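To start, the structure itself, in structure tokens.
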Amino acid sequence: MTTEFEVIVAGQEREYARQASAAVFREFDRIENLLSKYNAGSDVGQINLLKSGESVRVAIETLECLERAVWAHSVSGGLFDPTIGTGFQWLEVDRPNFSVGWKKEGSGSLDLGGIGKGYAIDKAAEVLADWEVPEAVINGGTSTVLAMGKEWNLGVGGPWGEKVGLTTVKLKNQALSGSGTEVKGEHILNPKTGKPAKQHLAAWAIHSSAAASDALSTAFMMMEADKIEQLCRTNPGTVAYVVKQDESLVEIGV
């Protein structure tokens, strides 16, 4: 997933915490082998080799991630698009048959980079739950973090957070994801225009699901503040922070 993961386990004996963490990193590798667009043998790689009207059987985890992507696409008014605007409307997800493919009317190229990391973190949390580890922090790169169990006081990081005074947040069984232009430049493209996102300078999303926060932080970069407010209102527990073009911070759902 072109990033580094970190796991902090609290309240456990050192060796047990090490073993539980090792299980988490095995899960990251497993999800990577399903969702990486750079691996032609992965589920996503196989989907990207399909032509219009063709489909392929995939793992339940791939279906789950795609279903979360469909949700994010819907609530964001199409601004979260894992095909970068090249054909998400043609994608068919058939859960009963564990099948994904493209409709006869068209096809596209799938890239779950905007949600896959968050989904992997959610799956890692399930692994820790199986190990009966209730308190932990799972960090994916510098953009998504999930806090489990007790309330954690976590740093937001990034120059825009520091500039507008958003340096720490308190999370409990919640994930925080951030998007902006300070690291990769104008890498977020508006799928409706094909041009770089210009609505905000930076955006953060809080949600109980890391997959959801991952996708929403991307979408928030392109959404007007009133649209974000409506999304947070209709999806209780969702919180947004955005830095507007005038460098002011807007807090929504806090």
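If you're wondering about the labels, chains in the structure tokens are A, B, ... by order shown, residues count from 1 in each chain, ligands from 1 in order shown.
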Practice prompt. Excluding Lys192 (chain A) and residues on its chain fewer than 6 positions from it, collect all residues at most 12 Å away from it, counting only C-alpha atoms, and give them as a list of chain:residue names.
Written response: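 The neighbour list is A:Ser76, A:Gly77, A:Gly78, A:Leu79, A:Phe80, A:Asp81, A:Thr83, A:Ile84, A:Gly85, A:Thr86, A:Gly87, A:Phe88, A:Ala219, A:Met222, A:Met223.
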Hey, can you spit out that residue selection with N, CA and C atoms as a PDB file, in the first residue's frame?
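Saved to again25.pdb:
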ATOM      1  N   SER A  76     -20.846  10.940  -0.846  1.00  0.00           N
ATOM      2  CA  SER A  76     -20.060  12.106  -1.276  1.00  0.00           C
ATOM      3  C   SER A  76     -20.554  12.685  -2.594  1.00  0.00           C
ATOM      4  N   GLY A  77     -21.655  12.172  -3.078  1.00  0.00           N
ATOM      5  CA  GLY A  77     -22.171  12.663  -4.359  1.00  0.00           C
ATOM      6  C   GLY A  77     -21.263  12.338  -5.528  1.00  0.00           C
ATOM      7  N   GLY A  78     -20.536  11.207  -5.410  1.00  0.00           N
ATOM      8  CA  GLY A  78     -19.661  10.780  -6.496  1.00  0.00           C
ATOM      9  C   GLY A  78     -18.265  11.363  -6.447  1.00  0.00           C
ATOM     10  N   LEU A  79     -17.953  12.156  -5.414  1.00  0.00           N
ATOM     11  CA  LEU A  79     -16.633  12.784  -5.348  1.00  0.00           C
ATOM     12  C   LEU A  79     -15.546  11.827  -4.849  1.00  0.00           C
ATOM     13  N   PHE A  80     -15.953  10.774  -4.132  1.00  0.00           N
ATOM     14  CA  PHE A  80     -14.994   9.697  -3.893  1.00  0.00           C
ATOM     15  C   PHE A  80     -15.202   8.660  -4.989  1.00  0.00           C
ATOM     16  N   ASP A  81     -14.200   8.483  -5.827  1.00  0.00           N
ATOM     17  CA  ASP A  81     -14.318   7.590  -6.976  1.00  0.00           C
ATOM     18  C   ASP A  81     -13.049   6.752  -7.103  1.00  0.00           C
ATOM     19  N   THR A  83     -12.171   4.776  -9.229  1.00  0.00           N
ATOM     20  CA  THR A  83     -11.706   4.614 -10.604  1.00  0.00           C
ATOM     21  C   THR A  83     -11.247   5.945 -11.182  1.00  0.00           C
ATOM     22  N   ILE A  84     -11.133   6.942 -10.325  1.00  0.00           N
ATOM     23  CA  ILE A  84     -10.716   8.298 -10.727  1.00  0.00           C
ATOM     24  C   ILE A  84     -11.576   8.794 -11.888  1.00  0.00           C
ATOM     25  N   GLY A  85     -12.873   8.525 -11.760  1.00  0.00           N
ATOM     26  CA  GLY A  85     -13.821   9.042 -12.753  1.00  0.00           C
ATOM     27  C   GLY A  85     -13.823   8.322 -14.080  1.00  0.00           C
ATOM     28  N   THR A  86     -13.224   7.130 -14.131  1.00  0.00           N
ATOM     29  CA  THR A  86     -13.143   6.447 -15.431  1.00  0.00           C
ATOM     30  C   THR A  86     -14.108   5.286 -15.586  1.00  0.00           C
ATOM     31  N   GLY A  87     -15.021   5.135 -14.668  1.00  0.00           N
ATOM     32  CA  GLY A  87     -15.977   4.057 -14.895  1.00  0.00           C
ATOM     33  C   GLY A  87     -16.585   3.402 -13.676  1.00  0.00           C
ATOM     34  N   PHE A  88     -16.624   4.077 -12.518  1.00  0.00           N
ATOM     35  CA  PHE A  88     -17.190   3.446 -11.329  1.00  0.00           C
ATOM     36  C   PHE A  88     -18.656   3.075 -11.533  1.00  0.00           C
ATOM     37  N   ALA A 219     -12.753  12.839  -0.021  1.00  0.00           N
ATOM     38  CA  ALA A 219     -13.938  13.497  -0.566  1.00  0.00           C
ATOM     39  C   ALA A 219     -14.107  14.904  -0.016  1.00  0.00           C
ATOM     40  N   MET A 222     -12.937  18.044  -1.736  1.00  0.00           N
ATOM     41  CA  MET A 222     -13.655  18.542  -2.907  1.00  0.00           C
ATOM     42  C   MET A 222     -15.070  19.019  -2.606  1.00  0.00           C
ATOM     43  N   MET A 223     -15.535  18.822  -1.380  1.00  0.00           N
ATOM     44  CA  MET A 223     -16.918  19.139  -1.036  1.00  0.00           C
ATOM     45  C   MET A 223     -17.049  20.513  -0.396  1.00  0.00           C
TER      46      MET A 223
END
Practice prompt. For Ile138 (chain A), list every protein, DNA or RNA residue within 7 Å, evaluated using only C-alpha atoms, and leave out those in the same chain fewer than 2 positions away; present the list as a list in words.
Written response: Glu6, Val7, Ile8, Ile121, Ala136, Gly140, Val145, Leu146 and Ala147 of chain A
With only C-alpha atoms counted and 6 Å as the cut-off, give the residues of region 68-176 of chain A in contact with region 48-55 of chain A, each with its shortest interatomic distance in Å and the pair that gives it, as a Markdown table.
| residue | atom | partner | partner_atom | distance |
| --- | --- | --- | --- | --- |
| A:Val100 | CA | A:Ser55 | CA | 5.3 |
| A:Gly101 | CA | A:Ser55 | CA | 3.7 |
| A:Trp102 | CA | A:Ser52 | CA | 5.3 |
| A:Lys103 | CA | A:Gly53 | CA | 4.9 |
| A:Lys104 | CA | A:Gly53 | CA | 4.1 |
| A:Gly106 | CA | A:Ser52 | CA | 5.4 |
| A:Ser107 | CA | A:Ser52 | CA | 5.2 |
| A:Ser109 | CA | A:Asn48 | CA | 5.4 |
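Atom to atom, CA of Gln174 (chain A) and CA of Ala10 (chain A) stand 16.3 Å apart.
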Item to complete: List every residue of region 87-239 of chain A that DSSP, applied to the backbone of this structure, assigns to strand (DSSP E or B), and report them as JSON, numbers by chain.
Response: {"A": [91, 92, 93, 94, 99, 100, 101, 102, 136, 137, 138, 139, 140, 144, 145, 146, 147, 148, 152, 153, 154, 155, 168, 169, 170, 171, 174, 175, 176, 177, 178, 179, 180, 189, 196, 200, 201, 202, 203, 204, 205, 206, 207, 239]}
Take the residues just selected and output them with N, CA and C atoms as a tab-separated table (two decimals), in the first residue's frame.
chain	number	residue	atom	x	y	z
A	91	LEU	N	-19.14	-0.50	-12.65
A	91	LEU	CA	-18.71	-1.61	-11.81
A	91	LEU	C	-19.92	-2.35	-11.22
A	92	GLU	N	-19.87	-3.68	-11.26
A	92	GLU	CA	-20.92	-4.51	-10.68
A	92	GLU	C	-20.33	-5.35	-9.55
A	93	VAL	N	-20.89	-5.20	-8.35
A	93	VAL	CA	-20.45	-5.98	-7.20
A	93	VAL	C	-21.56	-6.96	-6.85
A	94	ASP	N	-21.30	-8.24	-7.03
A	94	ASP	CA	-22.29	-9.30	-6.82
A	94	ASP	C	-21.87	-10.12	-5.61
A	99	SER	N	-18.59	-12.10	-6.80
A	99	SER	CA	-18.15	-11.73	-8.14
A	99	SER	C	-18.11	-10.21	-8.31
A	100	VAL	N	-17.10	-9.74	-9.05
A	100	VAL	CA	-16.99	-8.33	-9.41
A	100	VAL	C	-16.66	-8.25	-10.89
A	101	GLY	N	-17.28	-7.32	-11.57
A	101	GLY	CA	-16.98	-7.17	-12.99
A	101	GLY	C	-17.48	-5.86	-13.52
A	102	TRP	N	-17.42	-5.72	-14.84
A	102	TRP	CA	-17.85	-4.50	-15.50
A	102	TRP	C	-19.11	-4.76	-16.31
A	136	ALA	N	-5.49	-0.36	21.82
A	136	ALA	CA	-4.39	-0.28	20.86
A	136	ALA	C	-4.58	0.91	19.96
A	137	VAL	N	-3.49	1.29	19.31
A	137	VAL	CA	-3.52	2.31	18.26
A	137	VAL	C	-2.88	1.69	17.02
A	138	ILE	N	-3.57	1.81	15.89
A	138	ILE	CA	-3.06	1.31	14.62
A	138	ILE	C	-2.90	2.50	13.69
A	139	ASN	N	-1.68	2.71	13.23
A	139	ASN	CA	-1.37	3.88	12.42
A	139	ASN	C	-0.94	3.45	11.02
A	140	GLY	N	-1.56	4.04	10.01
A	140	GLY	CA	-1.19	3.74	8.63
A	140	GLY	C	-0.52	4.94	7.99
A	144	THR	N	-3.81	7.94	8.35
A	144	THR	CA	-4.95	7.31	9.00
A	144	THR	C	-4.52	6.61	10.28
A	145	VAL	N	-5.27	6.85	11.36
A	145	VAL	CA	-4.99	6.21	12.64
A	145	VAL	C	-6.30	5.78	13.28
A	146	LEU	N	-6.30	4.60	13.89
A	146	LEU	CA	-7.47	4.07	14.59
A	146	LEU	C	-7.11	3.87	16.05
A	147	ALA	N	-7.94	4.42	16.96
A	147	ALA	CA	-7.72	4.30	18.40
A	147	ALA	C	-8.75	3.35	18.98
A	148	MET	N	-8.29	2.30	19.64
A	148	MET	CA	-9.18	1.28	20.20
A	148	MET	C	-9.19	1.33	21.72
A	152	TRP	N	-7.69	7.99	23.57
A	152	TRP	CA	-6.30	8.30	23.27
A	152	TRP	C	-6.21	9.75	22.81
A	153	ASN	N	-5.20	10.45	23.29
A	153	ASN	CA	-4.92	11.81	22.85
A	153	ASN	C	-3.82	11.73	21.80
A	154	LEU	N	-4.17	11.95	20.53
A	154	LEU	CA	-3.24	11.71	19.44
A	154	LEU	C	-2.93	12.98	18.67
A	155	GLY	N	-1.71	13.07	18.19
A	155	GLY	CA	-1.31	14.22	17.40
A	155	GLY	C	-1.86	14.14	15.99
A	168	THR	N	-3.90	18.20	18.13
A	168	THR	CA	-4.25	16.93	18.78
A	168	THR	C	-5.76	16.70	18.73
A	169	VAL	N	-6.15	15.44	18.77
A	169	VAL	CA	-7.57	15.07	18.88
A	169	VAL	C	-7.69	13.93	19.88
A	170	LYS	N	-8.85	13.82	20.49
A	170	LYS	CA	-9.14	12.71	21.40
A	170	LYS	C	-10.01	11.70	20.65
A	171	LEU	N	-9.53	10.46	20.59
A	171	LEU	CA	-10.25	9.41	19.87
A	171	LEU	C	-10.48	8.22	20.78
A	174	GLN	N	-12.44	5.17	17.39
A	174	GLN	CA	-12.65	6.01	16.22
A	174	GLN	C	-11.36	6.07	15.40
A	175	ALA	N	-11.55	6.42	14.14
A	175	ALA	CA	-10.40	6.61	13.24
A	175	ALA	C	-10.36	8.05	12.77
A	176	LEU	N	-9.15	8.55	12.55
A	176	LEU	CA	-8.93	9.87	11.99
A	176	LEU	C	-8.09	9.73	10.73
A	177	SER	N	-8.54	10.35	9.65
A	177	SER	CA	-7.77	10.36	8.40
A	177	SER	C	-7.62	11.79	7.92
A	178	GLY	N	-6.50	12.06	7.29
A	178	GLY	CA	-6.25	13.41	6.77
A	178	GLY	C	-5.81	13.40	5.32
A	179	SER	N	-6.18	14.43	4.61
A	179	SER	CA	-5.75	14.62	3.22
A	179	SER	C	-5.34	16.07	3.04
A	180	GLY	N	-4.40	16.30	2.13
A	180	GLY	CA	-3.95	17.66	1.88
A	180	GLY	C	-2.97	17.71	0.73
A	189	LEU	N	-7.56	14.30	-7.48
A	189	LEU	CA	-8.27	14.79	-8.66
A	189	LEU	C	-9.77	14.72	-8.45
A	196	PRO	N	-7.21	18.93	-10.43
A	196	PRO	CA	-6.89	18.85	-9.00
A	196	PRO	C	-7.95	19.50	-8.12
A	200	HIS	N	-10.54	22.91	-0.80
A	200	HIS	CA	-9.89	23.15	0.50
A	200	HIS	C	-8.40	22.86	0.41
A	201	LEU	N	-7.67	23.38	1.39
A	201	LEU	CA	-6.22	23.14	1.46
A	201	LEU	C	-5.89	21.85	2.18
A	202	ALA	N	-6.74	21.46	3.12
A	202	ALA	CA	-6.54	20.22	3.87
A	202	ALA	C	-7.88	19.80	4.45
A	203	ALA	N	-8.01	18.51	4.74
A	203	ALA	CA	-9.25	18.01	5.32
A	203	ALA	C	-8.97	16.78	6.16
A	204	TRP	N	-9.73	16.65	7.25
A	204	TRP	CA	-9.64	15.48	8.12
A	204	TRP	C	-11.04	14.94	8.37
A	205	ALA	N	-11.16	13.64	8.52
A	205	ALA	CA	-12.44	13.01	8.80
A	205	ALA	C	-12.29	12.05	9.97
A	206	ILE	N	-13.27	12.05	10.87
A	206	ILE	CA	-13.33	11.10	11.98
A	206	ILE	C	-14.56	10.23	11.79
A	207	HIS	N	-14.38	8.92	11.95
A	207	HIS	CA	-15.48	7.96	11.78
A	207	HIS	C	-15.12	6.72	12.58
A	239	VAL	N	-17.23	13.31	11.88
A	239	VAL	CA	-16.72	14.64	12.19
A	239	VAL	C	-15.78	15.07	11.08
